[in-house]
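As stored in start.cif (mmCIF, C-alpha atoms):
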data_coords
loop_
_atom_site.label_atom_id
_atom_site.label_comp_id
_atom_site.auth_asym_id
_atom_site.auth_seq_id
_atom_site.Cartn_x
_atom_site.Cartn_y
_atom_site.Cartn_z
CA MET A 6 -4.35 45.64 89.59
CA ASP A 7 -3.30 42.02 89.56
CA ILE A 8 0.39 42.21 88.63
CA ARG A 9 0.53 38.64 87.35
CA ASN A 10 1.15 38.48 83.60
CA ARG A 11 1.39 42.28 83.34
CA LYS A 12 4.22 44.08 81.57
CA ALA A 13 6.20 46.73 83.45
CA ILE A 14 8.89 49.19 82.43
CA VAL A 15 11.11 50.39 85.28
CA LEU A 16 13.44 53.25 84.36
CA GLY A 17 16.34 53.50 86.75
CA GLY A 18 15.47 49.87 87.37
CA THR A 19 18.93 48.35 87.74
CA SER A 20 20.12 49.89 91.00
CA GLY A 21 18.85 50.84 94.44
CA ILE A 22 15.11 51.45 94.73
CA GLY A 23 14.54 50.76 91.04
CA LEU A 24 16.26 47.38 91.19
CA ALA A 25 14.26 46.44 94.28
CA ALA A 26 11.05 47.38 92.42
CA THR A 27 12.17 45.33 89.41
CA GLN A 28 12.80 42.29 91.60
CA GLN A 29 9.50 42.63 93.49
CA LEU A 30 7.53 43.03 90.27
CA GLU A 31 9.13 39.91 88.85
CA ARG A 32 8.35 37.94 92.01
CA ALA A 33 4.74 39.13 91.74
CA GLY A 34 4.50 37.63 88.25
CA ALA A 35 5.16 40.59 85.96
CA THR A 36 7.37 40.71 82.91
CA VAL A 37 9.79 43.58 83.51
CA ILE A 38 11.96 45.71 81.26
CA ALA A 39 14.51 47.46 83.47
CA GLY A 40 16.24 50.50 81.96
CA SER A 41 19.47 52.20 82.99
CA ARG A 42 21.96 54.56 81.44
CA SER A 43 24.77 52.61 83.17
CA SER A 44 26.05 49.53 81.37
CA ALA A 45 27.71 48.42 84.62
CA ASN A 46 24.37 48.53 86.44
CA VAL A 47 22.73 46.64 83.59
CA ASP A 48 25.30 43.87 84.06
CA ILE A 49 24.70 43.79 87.82
CA ALA A 50 20.92 43.64 87.37
CA ASN A 51 21.23 40.85 84.82
CA SER A 52 23.12 38.83 87.43
CA CYS A 53 20.52 39.21 90.20
CA THR A 54 17.20 38.97 88.37
CA GLY A 55 15.36 36.08 86.82
CA PRO A 56 14.10 35.19 83.36
CA GLY A 57 11.14 37.55 83.73
CA VAL A 58 13.44 40.58 83.56
CA SER A 59 15.24 42.02 80.56
CA CYS A 60 17.62 44.93 81.05
CA ARG A 61 18.15 47.73 78.54
CA GLU A 62 20.64 50.56 78.41
CA ILE A 63 18.60 53.77 78.09
CA ASP A 64 19.00 57.39 79.19
CA VAL A 65 15.74 59.04 80.28
CA LEU A 66 16.97 62.30 78.76
CA ASP A 67 17.22 60.63 75.33
CA ARG A 68 13.74 61.22 73.93
CA GLU A 69 14.43 59.35 70.70
CA GLY A 70 15.70 56.34 72.62
CA LEU A 71 12.74 56.41 75.00
CA SER A 72 10.26 56.60 72.12
CA LYS A 73 11.90 53.61 70.48
CA LEU A 74 11.82 51.61 73.72
CA PHE A 75 8.15 52.37 74.37
CA GLN A 76 7.13 51.57 70.81
CA GLU A 77 9.01 48.27 70.87
CA GLU A 78 7.49 47.21 74.20
CA ALA A 79 3.95 48.52 73.63
CA PRO A 80 1.47 47.91 75.02
CA PHE A 81 2.51 47.80 78.68
CA ASP A 82 0.63 48.17 81.95
CA ILE A 83 3.07 49.68 84.45
CA LEU A 84 5.55 52.54 84.06
CA ILE A 85 7.88 53.31 86.96
CA ASN A 86 10.61 55.94 86.88
CA CYS A 87 13.23 55.97 89.64
CA ALA A 88 16.03 57.54 87.59
CA THR A 89 17.82 60.36 89.43
CA GLY A 90 18.87 62.30 86.34
CA GLY A 91 22.44 62.69 87.55
CA ALA A 92 24.21 65.10 89.90
CA ARG A 93 22.25 67.57 91.99
CA ALA A 94 23.34 70.94 93.34
CA SER A 95 23.63 71.44 97.09
CA GLY A 96 24.42 74.30 99.44
CA PRO A 97 22.92 77.76 100.05
CA PHE A 98 20.95 79.00 97.06
CA LEU A 99 22.39 82.52 97.17
CA GLN A 100 25.85 81.02 96.70
CA MET A 101 24.79 78.36 94.22
CA ASP A 102 25.96 78.14 90.65
CA LEU A 103 22.79 78.64 88.63
CA ASP A 104 23.89 76.22 85.92
CA ALA A 105 24.28 73.53 88.59
CA PHE A 106 20.83 74.41 89.94
CA GLN A 107 19.28 74.06 86.50
CA LEU A 108 21.05 70.75 85.91
CA SER A 109 19.37 69.41 89.05
CA PHE A 110 16.12 69.46 87.06
CA ARG A 111 17.34 66.67 84.80
CA LYS A 112 15.42 64.36 87.14
CA LEU A 113 12.18 66.22 86.37
CA TRP A 114 12.90 66.26 82.62
CA GLY A 115 13.56 62.53 82.68
CA TYR A 116 10.25 61.98 84.44
CA THR A 117 8.27 64.23 82.11
CA ASN A 118 9.95 62.65 79.05
CA SER A 119 8.98 59.17 80.19
CA VAL A 120 5.38 60.07 81.00
CA ARG A 121 4.80 62.17 77.89
CA LEU A 122 6.23 59.54 75.56
CA GLY A 123 5.12 56.44 77.46
CA ALA A 124 1.55 57.20 78.52
CA GLU A 125 0.11 56.72 75.04
CA HIS A 126 1.36 53.12 75.06
CA LEU A 127 -0.02 52.38 78.54
CA SER A 128 -3.05 50.09 78.87
CA SER A 129 -6.34 51.77 79.76
CA ASP A 130 -6.07 50.57 83.38
CA GLY A 131 -2.33 51.20 83.56
CA ALA A 132 -0.39 52.80 86.40
CA ILE A 133 2.55 55.20 86.55
CA VAL A 134 4.70 55.67 89.65
CA LEU A 135 7.39 58.33 90.08
CA VAL A 136 9.78 58.83 93.00
CA SER A 137 10.36 62.16 94.74
CA GLY A 138 11.97 62.57 98.18
CA PHE A 139 11.16 64.03 101.58
CA PRO A 140 13.05 67.32 100.95
CA ALA A 141 10.14 68.21 98.64
CA ARG A 142 8.22 69.17 101.78
CA LYS A 143 10.93 69.52 104.42
CA ALA A 144 14.14 71.00 103.08
CA ASN A 145 17.17 70.64 105.31
CA PRO A 146 19.91 73.28 105.00
CA GLY A 147 21.66 72.95 101.65
CA SER A 148 18.94 70.89 99.98
CA LEU A 149 17.01 73.66 98.24
CA ALA A 150 17.68 72.37 94.72
CA ILE A 151 16.57 68.84 95.61
CA SER A 152 13.53 70.26 97.41
CA THR A 153 12.49 72.37 94.43
CA VAL A 154 12.77 69.45 92.02
CA GLY A 155 10.80 67.20 94.39
CA ASN A 156 8.07 69.82 94.66
CA ALA A 157 7.87 69.96 90.88
CA VAL A 158 7.63 66.16 90.56
CA GLU A 159 4.81 65.91 93.09
CA GLY A 160 2.95 68.88 91.58
CA PHE A 161 3.34 67.41 88.10
CA ALA A 162 1.67 64.16 89.16
CA ARG A 163 -1.24 65.91 90.88
CA ALA A 164 -1.85 68.15 87.87
CA LEU A 165 -1.59 65.28 85.39
CA ALA A 166 -3.82 62.77 87.20
CA PRO A 167 -7.15 64.19 85.91
CA GLU A 168 -5.80 64.38 82.37
CA ILE A 169 -4.79 60.74 82.05
CA ALA A 170 -7.66 59.12 84.00
CA PRO A 171 -8.67 56.29 84.16
CA ARG A 172 -4.96 55.53 83.95
CA ARG A 173 -3.33 56.43 87.26
CA ILE A 174 -0.21 58.27 88.39
CA ASN A 175 1.16 58.34 91.93
CA ILE A 176 4.31 59.37 93.78
CA VAL A 177 6.39 57.51 96.33
CA CYS A 178 8.43 59.80 98.58
CA PRO A 179 11.42 58.14 100.28
CA GLY A 180 13.45 59.42 103.19
CA MET A 181 17.11 58.60 103.73
CA ILE A 182 17.51 55.23 102.03
CA ASP A 183 20.60 53.02 102.05
CA THR A 184 21.30 52.70 98.32
CA PRO A 185 24.35 52.91 96.03
CA MET A 186 23.53 56.60 95.48
CA PHE A 187 25.75 57.28 98.51
CA PRO A 188 29.40 56.50 97.73
CA GLN A 189 30.70 55.97 101.27
CA GLU A 190 31.76 52.47 102.27
CA GLY A 191 32.29 50.46 105.44
CA GLU A 192 32.38 52.27 108.76
CA GLN A 193 32.33 55.66 107.06
CA ARG A 194 29.03 54.74 105.42
CA LYS A 195 27.50 53.52 108.67
CA GLN A 196 28.47 56.75 110.41
CA PHE A 197 27.13 58.90 107.55
CA LEU A 198 23.74 57.18 107.55
CA ALA A 199 23.55 57.23 111.36
CA ARG A 200 24.18 60.99 111.45
CA ALA A 201 21.70 61.62 108.66
CA THR A 202 18.88 59.77 110.46
CA GLU A 203 19.59 60.40 114.14
CA ARG A 204 16.71 62.91 114.43
CA THR A 205 14.07 60.90 112.58
CA LEU A 206 11.42 59.05 114.56
CA ILE A 207 12.75 55.77 113.19
CA PRO A 208 16.48 56.48 113.59
CA ARG A 209 17.92 54.42 110.78
CA ALA A 210 18.16 54.49 107.02
CA GLY A 211 15.38 52.80 105.12
CA THR A 212 15.95 49.97 102.67
CA ALA A 213 15.31 49.89 98.96
CA ASP A 214 12.86 47.02 99.49
CA GLU A 215 10.80 49.11 101.92
CA VAL A 216 10.39 51.82 99.29
CA ALA A 217 9.79 49.31 96.49
CA SER A 218 6.93 47.74 98.46
CA ALA A 219 5.24 51.16 98.48
CA ILE A 220 5.75 51.42 94.72
CA LEU A 221 3.99 48.10 94.26
CA PHE A 222 1.18 49.25 96.55
CA ALA A 223 0.69 52.34 94.35
CA VAL A 224 0.59 50.09 91.28
CA GLN A 225 -1.90 47.64 92.76
CA ASN A 226 -4.33 50.03 94.47
CA ASP A 227 -6.88 50.93 91.79
CA TYR A 228 -8.54 53.57 93.98
CA MET A 229 -5.50 55.81 94.20
CA THR A 230 -4.25 58.51 91.83
CA GLY A 231 -2.50 61.86 92.20
CA SER A 232 -1.35 60.79 95.66
CA THR A 233 1.99 60.68 97.46
CA ILE A 234 3.06 57.82 99.72
CA ASP A 235 5.68 58.81 102.31
CA ILE A 236 8.24 56.17 103.30
CA GLU A 237 10.60 58.33 105.33
CA GLY A 238 10.82 57.05 108.88
CA GLY A 239 8.98 60.09 110.23
CA ALA A 240 11.47 62.58 108.76
CA LEU A 241 8.61 64.89 107.71
CA LEU A 242 7.36 65.23 111.28
CA PRO A 243 8.70 67.88 113.67
#

Exercise: express the given structure as structure tokens:
Amino acid sequence: MDIRNRKAIVLGGTSGIGLAATQQLERAGATVIAGSRSSANVDIANSCTGPGVSCREIDVLDREGLSKLFQEEAPFDILINCATGGARASGPFLQMDLDAFQLSFRKLWGYTNSVRLGAEHLSSDGAIVLVSGFPARKANPGSLAISTVGNAVEGFARALAPEIAPRRINIVCPGMIDTPMFPQEGEQRKQFLARATERTLIPRAGTADEVASAILFAVQNDYMTGSTIDIEGGALLP
């Protein structure tokens, strides 16, 4: 796909990986609608993107709002969802609050909402990209909820790919990425990220731009669907 003069919707597109994808799409010549449930993030994105980007406040769990957005922007060529869905449960499953575990699946529901409601407005050669995470296939202690959701996201894309062809759907799977999702600051942040990546083959946190470049690759490569691209510094390897 030649991204020039295409229209893209990036949900979760005003912060972290999503913002990096928004910026890279704009630089590649696309018109981008970046969605976020955070008005503060919308303001930030408006200040660091160009005239090819418009930012909208939207919650991926709001089906009515999503339908309205897709209808207003139809037709479009690219649909990317990086939205996290909110808080995620952590810790041993046998001690986990089951309501917190179920709430972790808001990420999956946001993804399925966007695909179910958006795919009908996607051009016939359009592309969808969703974001999972390396715990989907290598769960560290305490990350069972995140792992289960990631598994579901990747399985969803593989199962859906034959149904929506020739439109395409792919997954990008990041490792530990230095984004605003982590609240630590300054030296505390540096130490947190260093500890979290000390055993990976590339012992540092990745950048949002490194993940966003994989998202653009998945959009542009017309011979790819139902696949997962790992950008995780070797975290999946022994």

Exercise for the section: Would you mind reading off the distance between atom CA of A:Pro208 and atom CA of A:Ala223, one decimal, in Å? Expected result: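 The value is 25.2 Å.
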
Exercise for the section: Counting only C-alpha atoms, figure out which residue out of A:Asp104, A:Asp64, A:Glu69, A:Glu168 gets nearest to A:Ala88. Expected result: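 Residue with the minimum atom-to-atom distance to A:Ala88: A:Asp64.
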
Practice task
Go through A:Leu99, A:Ala210, A:Ala92, A:Val158 and flag the residue nearest A:Tyr116, using all atoms listed in the file for the distances.
Solution key: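 Of the candidates, the smallest distance to A:Tyr116 is held by A:Val158.
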
Handout entry: Explicit residue set for the PyMOL selection byres ((chain A and resi 7) around 10), as a list in words
Key =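 Output of the PyMOL selection byres ((chain A and resi 7) around 10): Met6, Ile8, Arg9, Asn10, Arg11, Ala33, Gly34, Ala35, Val224, Gln225, Asn226 and Asp227 of chain A.
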
Exercise for the section: Run the PyMOL selection byres ((chain A and resi 172-184) around 6) on the file and write out the hits as a ChimeraX atom specification. Expected result: /A:21,129-139,166,169-171,185-186,210-212,230-237

Practice task
Figure out the distance between atom CA of A:Arg61 and atom CA of A:Phe110, please, to one decimal in Å.
Solution key: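 Atom CA of A:Arg61 lies at a distance of 23.4 Å from atom CA of A:Phe110.
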
Exercise for the section: Name the residues that the PyMOL selection byres ((chain A and resi 152) around 8) pulls out of this structure, and write them as a PyMOL selection string. Expected result: chain A and resi 138-144+148-151+153-156

Can you report as lines of an AutoDock Vina configuration file the centre and edge lengths in Å, to one decimal, of an axis-aligned box around the listed atoms of stretch 7-20 of chain A padded with 6 Å on each side?
center_x = 8.4
center_y = 46.0
center_z = 86.3
size_x = 35.4
size_y = 27.0
size_z = 21.4

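Checking A:Ala124, A:Leu242, A:Ala199, A:Met229 one by one against A:Ile14, counting only C-alpha atoms, you find the shortest gap at A:Ala124.
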
Handout entry: For A:Glu78, the nearest of the candidates A:Ile49, A:Ala13, A:Ala94, A:Leu113, counting all atoms listed in the file
Key =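 Among the listed residues, A:Ala13 lies closest to A:Glu78.
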
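Shortest atom-to-atom contact with A:Ser59 among A:Leu221, A:Ile207, A:Ala213, A:Leu24: A:Leu24, counting all atoms listed in the file.
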
Exercise for the section: Give the answer as one residue: which of A:Ala50, A:Leu108, A:Leu127, A:Leu241 has the shortest atom-to-atom distance to A:Ser95, using only C-alpha atoms? Expected result: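 Nearest candidate to A:Ser95 out of A:Ala50, A:Leu108, A:Leu127, A:Leu241: A:Leu108.
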
Neighbours of A:His126 within 9 Å (all atoms listed in the file; same-chain residues fewer than 5 positions away dropped), as an mmCIF file with C-alpha atoms, keeping the file's coordinate frame?
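Output (around10.cif):
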data_model
loop_
_atom_site.group_PDB
_atom_site.id
_atom_site.type_symbol
_atom_site.label_atom_id
_atom_site.label_comp_id
_atom_site.auth_asym_id
_atom_site.auth_seq_id
_atom_site.Cartn_x
_atom_site.Cartn_y
_atom_site.Cartn_z
ATOM 1 C CA PHE A 75 8.150 52.370 74.370
ATOM 2 C CA GLN A 76 7.130 51.570 70.810
ATOM 3 C CA GLU A 78 7.490 47.210 74.200
ATOM 4 C CA ALA A 79 3.950 48.520 73.630
ATOM 5 C CA PRO A 80 1.470 47.910 75.020
ATOM 6 C CA PHE A 81 2.510 47.800 78.680
ATOM 7 C CA ASP A 82 0.630 48.170 81.950
#

Practice task
Just give me the gap between atom CA of A:Thr36 and atom CA of A:Lys112 in Å, one decimal is fine.
Solution key: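 Here the two named atoms are 25.3 Å from each other.
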